[in-house]
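Novice: Once you've had a glance at the structure underneath, I'll fire off some questions.
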Amino acid sequence: MRLHWRALGPGELDHELLWGLVGAATFGLVLAGLSVAGPLPLPCVFHALTGLPCPTCGTTRALLALLDGDLLAALRAHPAVAGVALAAPALEAYALGTWWFGRKRMRIELGPAARRRARRAAWLALVALWAFLIVDGR
Amino acid sequence: MTDLPPPGPPPWTPPPLPPISGRLGPPWERDGPWLTRFIETARDVLLDPVRAFRSMRREGGLQAPLTFAAIGVLVGAVATAVYDALLSGMVAGPAVPGYGTLPMFGSGFGTMALLIITPVVALLFMFAGAGIYHLLLMLFDGARQPFETTFRVVAYASGSTAILQAVPICGALVGAIWSLVATIIGLAQAHEIPLGKAVAAVLVPLAVCCFFMVALVLLFGLSLLALAGMA
């Protein structure tokens with residue numbers, strides 16, 4: 001695995017600009033939706049069919065808890081969503097900052113073996129997250 | 001010796017698929033009048049997605065597929081707005097005692113706002129959807145090409161199927177289902193991966209996280225209606 005900083009190549013997709021804008025627009029729309037319509041009391045279809053929470057159960061609760069400033073409740077409701085939401089400001093600052101100031105971009109290069117390990121780790125993290133949601137009993 | 005019947009016409013065989021190495025791009029990315037290019041590309045994706053995505057270029061910028069998708073989504077949004085206005089006009093009736101005559105097309109400002117906001121939100125969803133598909137392709141070891149390729153598939157599939165909303169009553173449902181089918185075929189052809197991996201990347205989020213998707217769609221839908229002054 002190698003982490004390095006480099007300038008964008010000619011015609012290369014500007015991921016920082018793209019995901020910075022998509023992230024900011026999504027954040028704005030979610031905030032607008034929550035403030036206008038509030039959390040929607042919709043049952044989870046997966047939960048209704050299986051009796052188990054789906055891997056995204058708790059997303060709305062985590063976001064609402066974060067908006068209330070209750071970090072522990074947010075992490076318990078959905079650790080991944082809370083984690084991403086907490087990291088989002090830093091990621092947005094990096095993405096839009098590097099684009100605005102024309103700085104070099106951070107890139108991670110993975111060899112085939114490291115790619116396999118990363119894929120395995122991602123699957124394990126997903127299974128662990130789902131197991132936590134099930135064991136936590138919602 | 002018996003007489004053999006005269007030979008009939010040879011059985012129809014589909015024309016050979018273009019070689020994967022010869023990705024010339026869809027008609028939309030070639031020269032010609034834009035309407036002709038749009039119709040030909042949409043026709044190819046709707047009627048022969050294997051051929052369409054087999055000849056799709058995997059890189060070359062986001063602008064062309066983004067423009068194609070925006071036009072398709074706008075056509076679908078206009079059709080939906082017209083049908084909604086017509087249906088609400090028929091249901092509400094032209095005159096309500098005490099309120100006078102209700103406008104047939106509702107709030108003109110609201111409809112215009114919806115027509116502007118809907119494509120923007122749809123394009124946002126397109127990027128988010130392509131991102132989710134690409135992440136899942138990576139998890140299933142199926143991302144053989146960069147994110148741009150995944151986005152191009154999603155944009156051409158969504159733009160083509162969005163115009164099916166112009167078909168009354170069942171158009172939106174048929175378009176939604178065919179969008180999934182075209183996306184699966186497109187990912188398999190563009191990334192050159194087995195169909196199973198493309199199916200998994202597209203259907204797993206729907207099967208497991210359907211509530212989250214539905215909630216987001218409804219949330220955004222309600223906020224759009226509110227922004228447009230219709231809720």
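Letters for chains follow the order of the structure tokens (A, B, ...), residue numbers begin at 1 for each chain, and ligand numbers begin at 1 in the order shown.
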Considering only C-alpha atoms, return as a list in words whatever protein or nucleic-acid residues lie within 8 Å of region 135-145 of chain B, sequence-local ones (same chain, fewer than 4 positions apart) excluded.
Specialist: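 In the requested form, the answer reads Arg119, Ala122 and Trp123 of chain A; Arg58, Gly131, Thr149, Thr150, Ala190, His191, Glu192, Ile193, Lys197, Ala198, Ala200 and Ala201 of chain B.
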Novice: Kindly save the residues from that selection, with all heavy atoms included, as an mmCIF file, in the first residue's frame.
Specialist:
```
data_model
loop_
_atom_site.group_PDB
_atom_site.id
_atom_site.type_symbol
_atom_site.label_atom_id
_atom_site.label_comp_id
_atom_site.auth_asym_id
_atom_site.auth_seq_id
_atom_site.Cartn_x
_atom_site.Cartn_y
_atom_site.Cartn_z
ATOM 1 N N ARG A 119 -10.531 -5.799 0.766
ATOM 2 C CA ARG A 119 -11.874 -6.289 0.474
ATOM 3 C C ARG A 119 -12.371 -7.180 1.625
ATOM 4 O O ARG A 119 -13.491 -7.044 2.080
ATOM 5 C CB ARG A 119 -11.858 -7.075 -0.838
ATOM 6 C CG ARG A 119 -13.232 -7.303 -1.429
ATOM 7 C CD ARG A 119 -13.157 -7.995 -2.760
ATOM 8 N NE ARG A 119 -12.323 -7.268 -3.696
ATOM 9 C CZ ARG A 119 -11.254 -7.761 -4.302
ATOM 10 N NH1 ARG A 119 -10.884 -8.995 -4.086
ATOM 11 N NH2 ARG A 119 -10.562 -7.022 -5.133
ATOM 12 N N ALA A 122 -13.266 -5.059 4.572
ATOM 13 C CA ALA A 122 -14.543 -4.348 4.380
ATOM 14 C C ALA A 122 -15.716 -5.293 4.639
ATOM 15 O O ALA A 122 -16.696 -4.907 5.290
ATOM 16 C CB ALA A 122 -14.604 -3.786 2.963
ATOM 17 N N TRP A 123 -15.622 -6.529 4.130
ATOM 18 C CA TRP A 123 -16.691 -7.501 4.376
ATOM 19 C C TRP A 123 -16.833 -7.789 5.869
ATOM 20 O O TRP A 123 -17.947 -7.862 6.402
ATOM 21 C CB TRP A 123 -16.434 -8.808 3.620
ATOM 22 C CG TRP A 123 -16.902 -8.784 2.199
ATOM 23 C CD1 TRP A 123 -16.126 -8.867 1.080
ATOM 24 C CD2 TRP A 123 -18.250 -8.657 1.721
ATOM 25 N NE1 TRP A 123 -16.900 -8.787 -0.049
ATOM 26 C CE2 TRP A 123 -18.201 -8.665 0.323
ATOM 27 C CE3 TRP A 123 -19.476 -8.524 2.365
ATOM 28 C CZ2 TRP A 123 -19.352 -8.545 -0.466
ATOM 29 C CZ3 TRP A 123 -20.622 -8.410 1.586
ATOM 30 C CH2 TRP A 123 -20.546 -8.424 0.198
ATOM 31 N N ARG B 58 -15.596 3.547 -22.278
ATOM 32 C CA ARG B 58 -15.522 3.451 -20.823
ATOM 33 C C ARG B 58 -14.961 4.719 -20.187
ATOM 34 O O ARG B 58 -15.075 4.912 -18.986
ATOM 35 C CB ARG B 58 -14.693 2.231 -20.427
ATOM 36 C CG ARG B 58 -15.433 0.957 -20.795
ATOM 37 C CD ARG B 58 -14.787 -0.240 -20.216
ATOM 38 N NE ARG B 58 -13.600 -0.611 -20.961
ATOM 39 C CZ ARG B 58 -13.272 -1.868 -21.242
ATOM 40 N NH1 ARG B 58 -14.057 -2.836 -20.837
ATOM 41 N NH2 ARG B 58 -12.189 -2.145 -21.897
ATOM 42 N N GLY B 131 -22.038 5.654 -7.248
ATOM 43 C CA GLY B 131 -21.031 5.455 -6.200
ATOM 44 C C GLY B 131 -21.294 4.183 -5.416
ATOM 45 O O GLY B 131 -20.374 3.398 -5.137
ATOM 46 N N THR B 149 -16.591 4.705 -15.600
ATOM 47 C CA THR B 149 -17.292 3.698 -16.406
ATOM 48 C C THR B 149 -18.642 3.355 -15.775
ATOM 49 O O THR B 149 -19.664 3.277 -16.469
ATOM 50 C CB THR B 149 -16.422 2.423 -16.518
ATOM 51 O OG1 THR B 149 -15.152 2.792 -17.023
ATOM 52 C CG2 THR B 149 -17.062 1.404 -17.420
ATOM 53 N N THR B 150 -18.625 3.157 -14.455
ATOM 54 C CA THR B 150 -19.882 2.842 -13.758
ATOM 55 C C THR B 150 -20.872 3.982 -13.925
ATOM 56 O O THR B 150 -22.063 3.760 -14.187
ATOM 57 C CB THR B 150 -19.597 2.597 -12.262
ATOM 58 O OG1 THR B 150 -18.592 1.598 -12.148
ATOM 59 C CG2 THR B 150 -20.842 2.153 -11.533
ATOM 60 N N ALA B 190 -19.707 -3.329 -19.514
ATOM 61 C CA ALA B 190 -18.683 -2.285 -19.441
ATOM 62 C C ALA B 190 -17.480 -2.727 -18.616
ATOM 63 O O ALA B 190 -16.344 -2.430 -18.959
ATOM 64 C CB ALA B 190 -19.285 -1.008 -18.853
ATOM 65 N N HIS B 191 -17.742 -3.419 -17.509
ATOM 66 C CA HIS B 191 -16.632 -3.883 -16.667
ATOM 67 C C HIS B 191 -16.120 -5.249 -17.125
ATOM 68 O O HIS B 191 -15.118 -5.729 -16.596
ATOM 69 C CB HIS B 191 -17.071 -3.957 -15.205
ATOM 70 C CG HIS B 191 -17.189 -2.617 -14.532
ATOM 71 N ND1 HIS B 191 -16.147 -2.000 -13.887
ATOM 72 C CD2 HIS B 191 -18.233 -1.763 -14.440
ATOM 73 C CE1 HIS B 191 -16.535 -0.831 -13.405
ATOM 74 N NE2 HIS B 191 -17.816 -0.661 -13.731
ATOM 75 N N GLU B 192 -16.849 -5.848 -18.061
ATOM 76 C CA GLU B 192 -16.507 -7.192 -18.561
ATOM 77 C C GLU B 192 -16.376 -8.175 -17.400
ATOM 78 O O GLU B 192 -15.326 -8.793 -17.188
ATOM 79 C CB GLU B 192 -15.241 -7.132 -19.400
ATOM 80 C CG GLU B 192 -15.479 -6.382 -20.709
ATOM 81 C CD GLU B 192 -14.203 -6.208 -21.523
ATOM 82 O OE1 GLU B 192 -13.361 -7.102 -21.464
ATOM 83 O OE2 GLU B 192 -14.090 -5.185 -22.203
ATOM 84 N N ILE B 193 -17.480 -8.284 -16.654
ATOM 85 C CA ILE B 193 -17.525 -9.183 -15.503
ATOM 86 C C ILE B 193 -18.713 -10.124 -15.678
ATOM 87 O O ILE B 193 -19.618 -9.847 -16.487
ATOM 88 C CB ILE B 193 -17.696 -8.392 -14.170
ATOM 89 C CG1 ILE B 193 -18.910 -7.454 -14.257
ATOM 90 C CG2 ILE B 193 -16.440 -7.622 -13.836
ATOM 91 C CD1 ILE B 193 -19.240 -6.754 -12.961
ATOM 92 N N LYS B 197 -22.124 -10.974 -10.804
ATOM 93 C CA LYS B 197 -21.538 -9.906 -9.986
ATOM 94 C C LYS B 197 -22.281 -8.589 -10.203
ATOM 95 O O LYS B 197 -22.489 -7.824 -9.259
ATOM 96 C CB LYS B 197 -20.060 -9.730 -10.349
ATOM 97 C CG LYS B 197 -19.179 -10.850 -9.818
ATOM 98 C CD LYS B 197 -17.712 -10.566 -10.053
ATOM 99 C CE LYS B 197 -16.873 -11.713 -9.474
ATOM 100 N NZ LYS B 197 -15.432 -11.493 -9.618
ATOM 101 N N ALA B 198 -22.674 -8.339 -11.437
ATOM 102 C CA ALA B 198 -23.431 -7.110 -11.719
ATOM 103 C C ALA B 198 -24.802 -7.169 -11.044
ATOM 104 O O ALA B 198 -25.273 -6.173 -10.482
ATOM 105 C CB ALA B 198 -23.585 -6.934 -13.225
ATOM 106 N N ALA B 200 -25.538 -8.807 -8.335
ATOM 107 C CA ALA B 200 -25.332 -8.626 -6.896
ATOM 108 C C ALA B 200 -25.113 -7.152 -6.566
ATOM 109 O O ALA B 200 -25.695 -6.627 -5.606
ATOM 110 C CB ALA B 200 -24.133 -9.454 -6.447
ATOM 111 N N ALA B 201 -24.304 -6.469 -7.377
ATOM 112 C CA ALA B 201 -23.997 -5.063 -7.085
ATOM 113 C C ALA B 201 -25.244 -4.187 -7.161
ATOM 114 O O ALA B 201 -25.388 -3.233 -6.403
ATOM 115 C CB ALA B 201 -22.945 -4.541 -8.058
#
```
Novice: Skipping near chain neighbours, those fewer than 3 positions away, what residues fall within 12 Å of Leu74 (chain B) using only C-alpha atoms, listed as number ranges by chain?
Specialist: B: 67-71, 77-81, 112, 114-123, 158-166
Novice: Excluding same-chain residues fewer than 2 positions from region 80-89 of chain A, what lies within 10 Å of it counting only C-alpha atoms, as a PyMOL selection string?
Specialist: chain A and resi 20+23-24+27+55-56+58-63+65-66+71-78+91-95+125-126+129
Novice: Generate the output file for the selected residues, C-alpha atoms, as an mmCIF file, in the first residue's frame.
Specialist:
```
data_model
loop_
_atom_site.group_PDB
_atom_site.id
_atom_site.type_symbol
_atom_site.label_atom_id
_atom_site.label_comp_id
_atom_site.auth_asym_id
_atom_site.auth_seq_id
_atom_site.Cartn_x
_atom_site.Cartn_y
_atom_site.Cartn_z
ATOM 1 C CA GLY A 20 -17.345 17.426 -2.460
ATOM 2 C CA GLY A 23 -21.721 15.439 -0.394
ATOM 3 C CA ALA A 24 -22.619 19.087 0.214
ATOM 4 C CA PHE A 27 -26.243 17.142 3.276
ATOM 5 C CA PRO A 55 -27.752 -2.977 7.754
ATOM 6 C CA THR A 56 -29.064 0.564 7.427
ATOM 7 C CA GLY A 58 -30.868 3.254 12.665
ATOM 8 C CA THR A 59 -29.605 5.712 10.053
ATOM 9 C CA THR A 60 -32.286 8.319 10.705
ATOM 10 C CA ARG A 61 -31.992 7.903 14.470
ATOM 11 C CA ALA A 62 -28.209 8.335 14.270
ATOM 12 C CA LEU A 63 -28.530 11.535 12.230
ATOM 13 C CA ALA A 65 -29.094 12.131 17.599
ATOM 14 C CA LEU A 66 -26.115 13.869 16.019
ATOM 15 C CA LEU A 71 -22.803 11.469 20.221
ATOM 16 C CA LEU A 72 -23.169 8.233 22.176
ATOM 17 C CA ALA A 73 -26.762 7.728 21.104
ATOM 18 C CA ALA A 74 -25.752 8.389 17.495
ATOM 19 C CA LEU A 75 -22.911 5.865 17.631
ATOM 20 C CA ARG A 76 -25.190 3.292 19.205
ATOM 21 C CA ALA A 77 -27.983 3.882 16.687
ATOM 22 C CA HIS A 78 -25.648 3.298 13.721
ATOM 23 C CA LEU A 91 -13.651 15.225 4.158
ATOM 24 C CA GLU A 92 -15.619 18.144 2.703
ATOM 25 C CA ALA A 93 -12.922 20.604 3.784
ATOM 26 C CA TYR A 94 -10.219 18.453 2.182
ATOM 27 C CA ALA A 95 -12.189 17.865 -1.041
ATOM 28 C CA ALA A 125 -16.564 -4.684 9.007
ATOM 29 C CA LEU A 126 -19.950 -4.959 7.297
ATOM 30 C CA LEU A 129 -21.755 -3.829 11.938
#
```
Novice: Would you write out, as CSV, a table of all residues in chain A that have an atom no more than 8 Å from an atom of chain B, listing for each the closest atom pair and the distance in Å to one decimal, considering only C-alpha atoms and ordering rows by chain and rising residue number?
Specialist:
```
residue,atom,partner,partner_atom,distance
A:Gly11,CA,B:Gly61,CA,7.2
A:Leu13,CA,B:Gly61,CA,7.3
A:Val22,CA,B:Leu124,CA,6.4
A:Ala25,CA,B:Leu124,CA,7.8
A:Thr26,CA,B:Leu124,CA,7.6
A:Leu29,CA,B:Phe220,CA,6.8
A:Val30,CA,B:Phe220,CA,7.2
A:Ala32,CA,B:Ser223,CA,6.3
A:Gly33,CA,B:Ser223,CA,4.7
A:Leu34,CA,B:Leu219,CA,7.4
A:Val36,CA,B:Ser223,CA,6.1
A:Ala37,CA,B:Leu222,CA,6.5
A:Leu40,CA,B:Ala215,CA,7.1
A:Leu42,CA,B:Ala215,CA,7.2
A:Pro43,CA,B:Phe211,CA,7.5
A:Cys44,CA,B:Phe211,CA,5.1
A:Val45,CA,B:Phe211,CA,5.9
A:Phe46,CA,B:Val208,CA,6.6
A:Cys54,CA,B:Val208,CA,6.0
A:Pro55,CA,B:Cys209,CA,6.7
A:Thr56,CA,B:Cys209,CA,6.0
A:Cys57,CA,B:Phe212,CA,7.5
A:Thr59,CA,B:Phe212,CA,7.8
A:Arg119,CA,B:Leu139,CA,5.7
A:Ala122,CA,B:Leu139,CA,7.4
A:Trp123,CA,B:Leu139,CA,7.3
```
Novice: Would you put the residues from that selection into a file with N, CA and C atoms, as a compact mmCIF listing (two decimals), in the first residue's frame?
Specialist:
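The resulting result.txt:
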```txt
# COMPACT_ATOMS: atom_id res chain seq x y z
N GLY A 11 -7.47 15.53 -18.23
CA GLY A 11 -8.68 14.76 -18.50
C GLY A 11 -9.07 13.81 -17.39
N LEU A 13 -10.66 12.45 -13.97
CA LEU A 13 -11.85 12.82 -13.22
C LEU A 13 -11.44 13.45 -11.89
N VAL A 22 -21.31 16.61 -4.41
CA VAL A 22 -22.39 15.66 -4.14
C VAL A 22 -22.65 15.56 -2.64
N ALA A 25 -24.41 18.79 -1.42
CA ALA A 25 -25.80 18.85 -1.87
C ALA A 25 -26.65 17.83 -1.12
N THR A 26 -26.10 16.62 -0.90
CA THR A 26 -26.86 15.60 -0.15
C THR A 26 -27.12 16.07 1.27
N LEU A 29 -29.85 18.63 1.23
CA LEU A 29 -31.18 18.06 0.98
C LEU A 29 -31.70 17.27 2.18
N VAL A 30 -30.80 16.51 2.83
CA VAL A 30 -31.24 15.75 4.00
C VAL A 30 -31.68 16.70 5.10
N ALA A 32 -32.79 19.77 4.69
CA ALA A 32 -34.06 20.38 4.28
C ALA A 32 -35.20 19.40 4.49
N GLY A 33 -34.98 18.13 4.12
CA GLY A 33 -36.03 17.13 4.28
C GLY A 33 -36.40 16.92 5.73
N LEU A 34 -35.37 16.83 6.60
CA LEU A 34 -35.65 16.61 8.02
C LEU A 34 -36.36 17.81 8.63
N VAL A 36 -38.25 20.02 7.05
CA VAL A 36 -39.59 20.24 6.48
C VAL A 36 -40.54 19.11 6.86
N ALA A 37 -40.10 17.87 6.61
CA ALA A 37 -40.99 16.72 6.81
C ALA A 37 -40.75 16.00 8.11
N LEU A 40 -39.45 10.29 8.92
CA LEU A 40 -40.64 9.60 8.42
C LEU A 40 -40.86 8.28 9.18
N LEU A 42 -41.61 5.29 8.79
CA LEU A 42 -41.82 4.17 7.86
C LEU A 42 -41.27 2.89 8.45
N PRO A 43 -42.02 1.80 8.34
CA PRO A 43 -41.48 0.53 8.83
C PRO A 43 -40.41 0.01 7.88
N CYS A 44 -39.43 -0.71 8.42
CA CYS A 44 -38.39 -1.31 7.58
C CYS A 44 -38.96 -2.60 6.98
N VAL A 45 -38.96 -2.66 5.67
CA VAL A 45 -39.54 -3.84 4.99
C VAL A 45 -38.74 -5.09 5.36
N PHE A 46 -37.42 -4.95 5.37
CA PHE A 46 -36.56 -6.11 5.70
C PHE A 46 -36.86 -6.58 7.13
N CYS A 54 -32.16 -4.33 9.14
CA CYS A 54 -31.33 -4.32 7.94
C CYS A 54 -30.04 -3.55 8.26
N PRO A 55 -29.02 -3.65 7.42
CA PRO A 55 -27.75 -2.98 7.75
C PRO A 55 -27.85 -1.46 7.83
N THR A 56 -28.95 -0.89 7.35
CA THR A 56 -29.06 0.56 7.43
C THR A 56 -30.09 1.00 8.47
N CYS A 57 -30.66 0.05 9.20
CA CYS A 57 -31.60 0.42 10.26
C CYS A 57 -30.88 1.28 11.29
N THR A 59 -30.23 4.57 10.72
CA THR A 59 -29.60 5.71 10.05
C THR A 59 -30.26 7.03 10.46
N ARG A 119 -10.53 -5.80 0.77
CA ARG A 119 -11.87 -6.29 0.47
C ARG A 119 -12.37 -7.18 1.62
N ALA A 122 -13.27 -5.06 4.57
CA ALA A 122 -14.54 -4.35 4.38
C ALA A 122 -15.72 -5.29 4.64
N TRP A 123 -15.62 -6.53 4.13
CA TRP A 123 -16.69 -7.50 4.38
C TRP A 123 -16.83 -7.79 5.87
```
Novice: Quick one: DSSP helix (DSSP H, G or I) residues in region 141-171 of chain B, as a list in words?
Specialist: Phe147, Glu148, Thr149, Thr150, Phe151, Arg152, Val153, Val154, Ala155, Tyr156, Ala157, Ser158, Gly159, Ser160, Thr161, Ala162, Ile163, Leu164, Gln165, Ala166 and Gly171 of chain B
Novice: Give me, as JSON, numbers by chain, all polymer residues having an atom no more than 6 Å from region 23-40 of chain B, counting only C-alpha atoms and skipping those fewer than 4 positions away in the same chain.
Specialist: {"B": [55, 56, 57]}
Novice: So how far away is CA of Pro39 (chain A) from CA of Gly51 (chain A), in Å?
Specialist: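 According to the coordinates, CA of Gly51 (chain A) and CA of Pro39 (chain A) are separated by 21.7 Å.
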Novice: Return as a ChimeraX atom specification the full set of residues in chain A whose backbone-based DSSP assignment is strand (DSSP E or B).
Specialist: /A:2-6,105-109
Novice: For the residues selected in the previous step, produce a file with N, CA and C atoms as a PDB file, in the first residue's frame.
Specialist:
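Output (again31.pdb):
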```pdb
ATOM      1  N   ARG A   2       0.526   2.203  -0.853  1.00  0.00           N
ATOM      2  CA  ARG A   2       1.333   3.424  -0.913  1.00  0.00           C
ATOM      3  C   ARG A   2       0.397   4.633  -0.954  1.00  0.00           C
ATOM      4  N   LEU A   3       0.668   5.546  -0.026  1.00  0.00           N
ATOM      5  CA  LEU A   3      -0.132   6.780  -0.003  1.00  0.00           C
ATOM      6  C   LEU A   3       0.736   7.917  -0.550  1.00  0.00           C
ATOM      7  N   HIS A   4       0.231   8.636  -1.538  1.00  0.00           N
ATOM      8  CA  HIS A   4       1.040   9.716  -2.089  1.00  0.00           C
ATOM      9  C   HIS A   4       0.148  10.867  -2.553  1.00  0.00           C
ATOM     10  N   TRP A   5       0.810  11.990  -2.781  1.00  0.00           N
ATOM     11  CA  TRP A   5       0.097  13.191  -3.232  1.00  0.00           C
ATOM     12  C   TRP A   5       0.556  13.502  -4.645  1.00  0.00           C
ATOM     13  N   ARG A   6      -0.394  13.774  -5.525  1.00  0.00           N
ATOM     14  CA  ARG A   6       0.002  14.101  -6.895  1.00  0.00           C
ATOM     15  C   ARG A   6      -1.024  15.033  -7.536  1.00  0.00           C
ATOM     16  N   ARG A 105      -3.516  16.043  -4.947  1.00  0.00           N
ATOM     17  CA  ARG A 105      -4.570  15.170  -4.402  1.00  0.00           C
ATOM     18  C   ARG A 105      -3.957  13.945  -3.737  1.00  0.00           C
ATOM     19  N   MET A 106      -4.614  13.509  -2.660  1.00  0.00           N
ATOM     20  CA  MET A 106      -4.145  12.316  -1.961  1.00  0.00           C
ATOM     21  C   MET A 106      -4.675  11.071  -2.692  1.00  0.00           C
ATOM     22  N   ARG A 107      -3.796  10.150  -2.968  1.00  0.00           N
ATOM     23  CA  ARG A 107      -4.215   8.906  -3.618  1.00  0.00           C
ATOM     24  C   ARG A 107      -3.571   7.726  -2.901  1.00  0.00           C
ATOM     25  N   ILE A 108      -4.315   6.631  -2.822  1.00  0.00           N
ATOM     26  CA  ILE A 108      -3.808   5.412  -2.195  1.00  0.00           C
ATOM     27  C   ILE A 108      -3.670   4.352  -3.279  1.00  0.00           C
ATOM     28  N   GLU A 109      -2.514   3.797  -3.387  1.00  0.00           N
ATOM     29  CA  GLU A 109      -2.308   2.710  -4.367  1.00  0.00           C
ATOM     30  C   GLU A 109      -2.247   1.381  -3.633  1.00  0.00           C
TER      31      GLU A 109
END
```
Novice: Excluding Phe151 (chain B) and any residue of its chain fewer than 5 positions from it, enumerate the residues within 9 Å of it, using only C-alpha atoms, and give them as a PyMOL selection string.
Specialist: chain B and resi 62+65-66+126-127+129-131+134+156
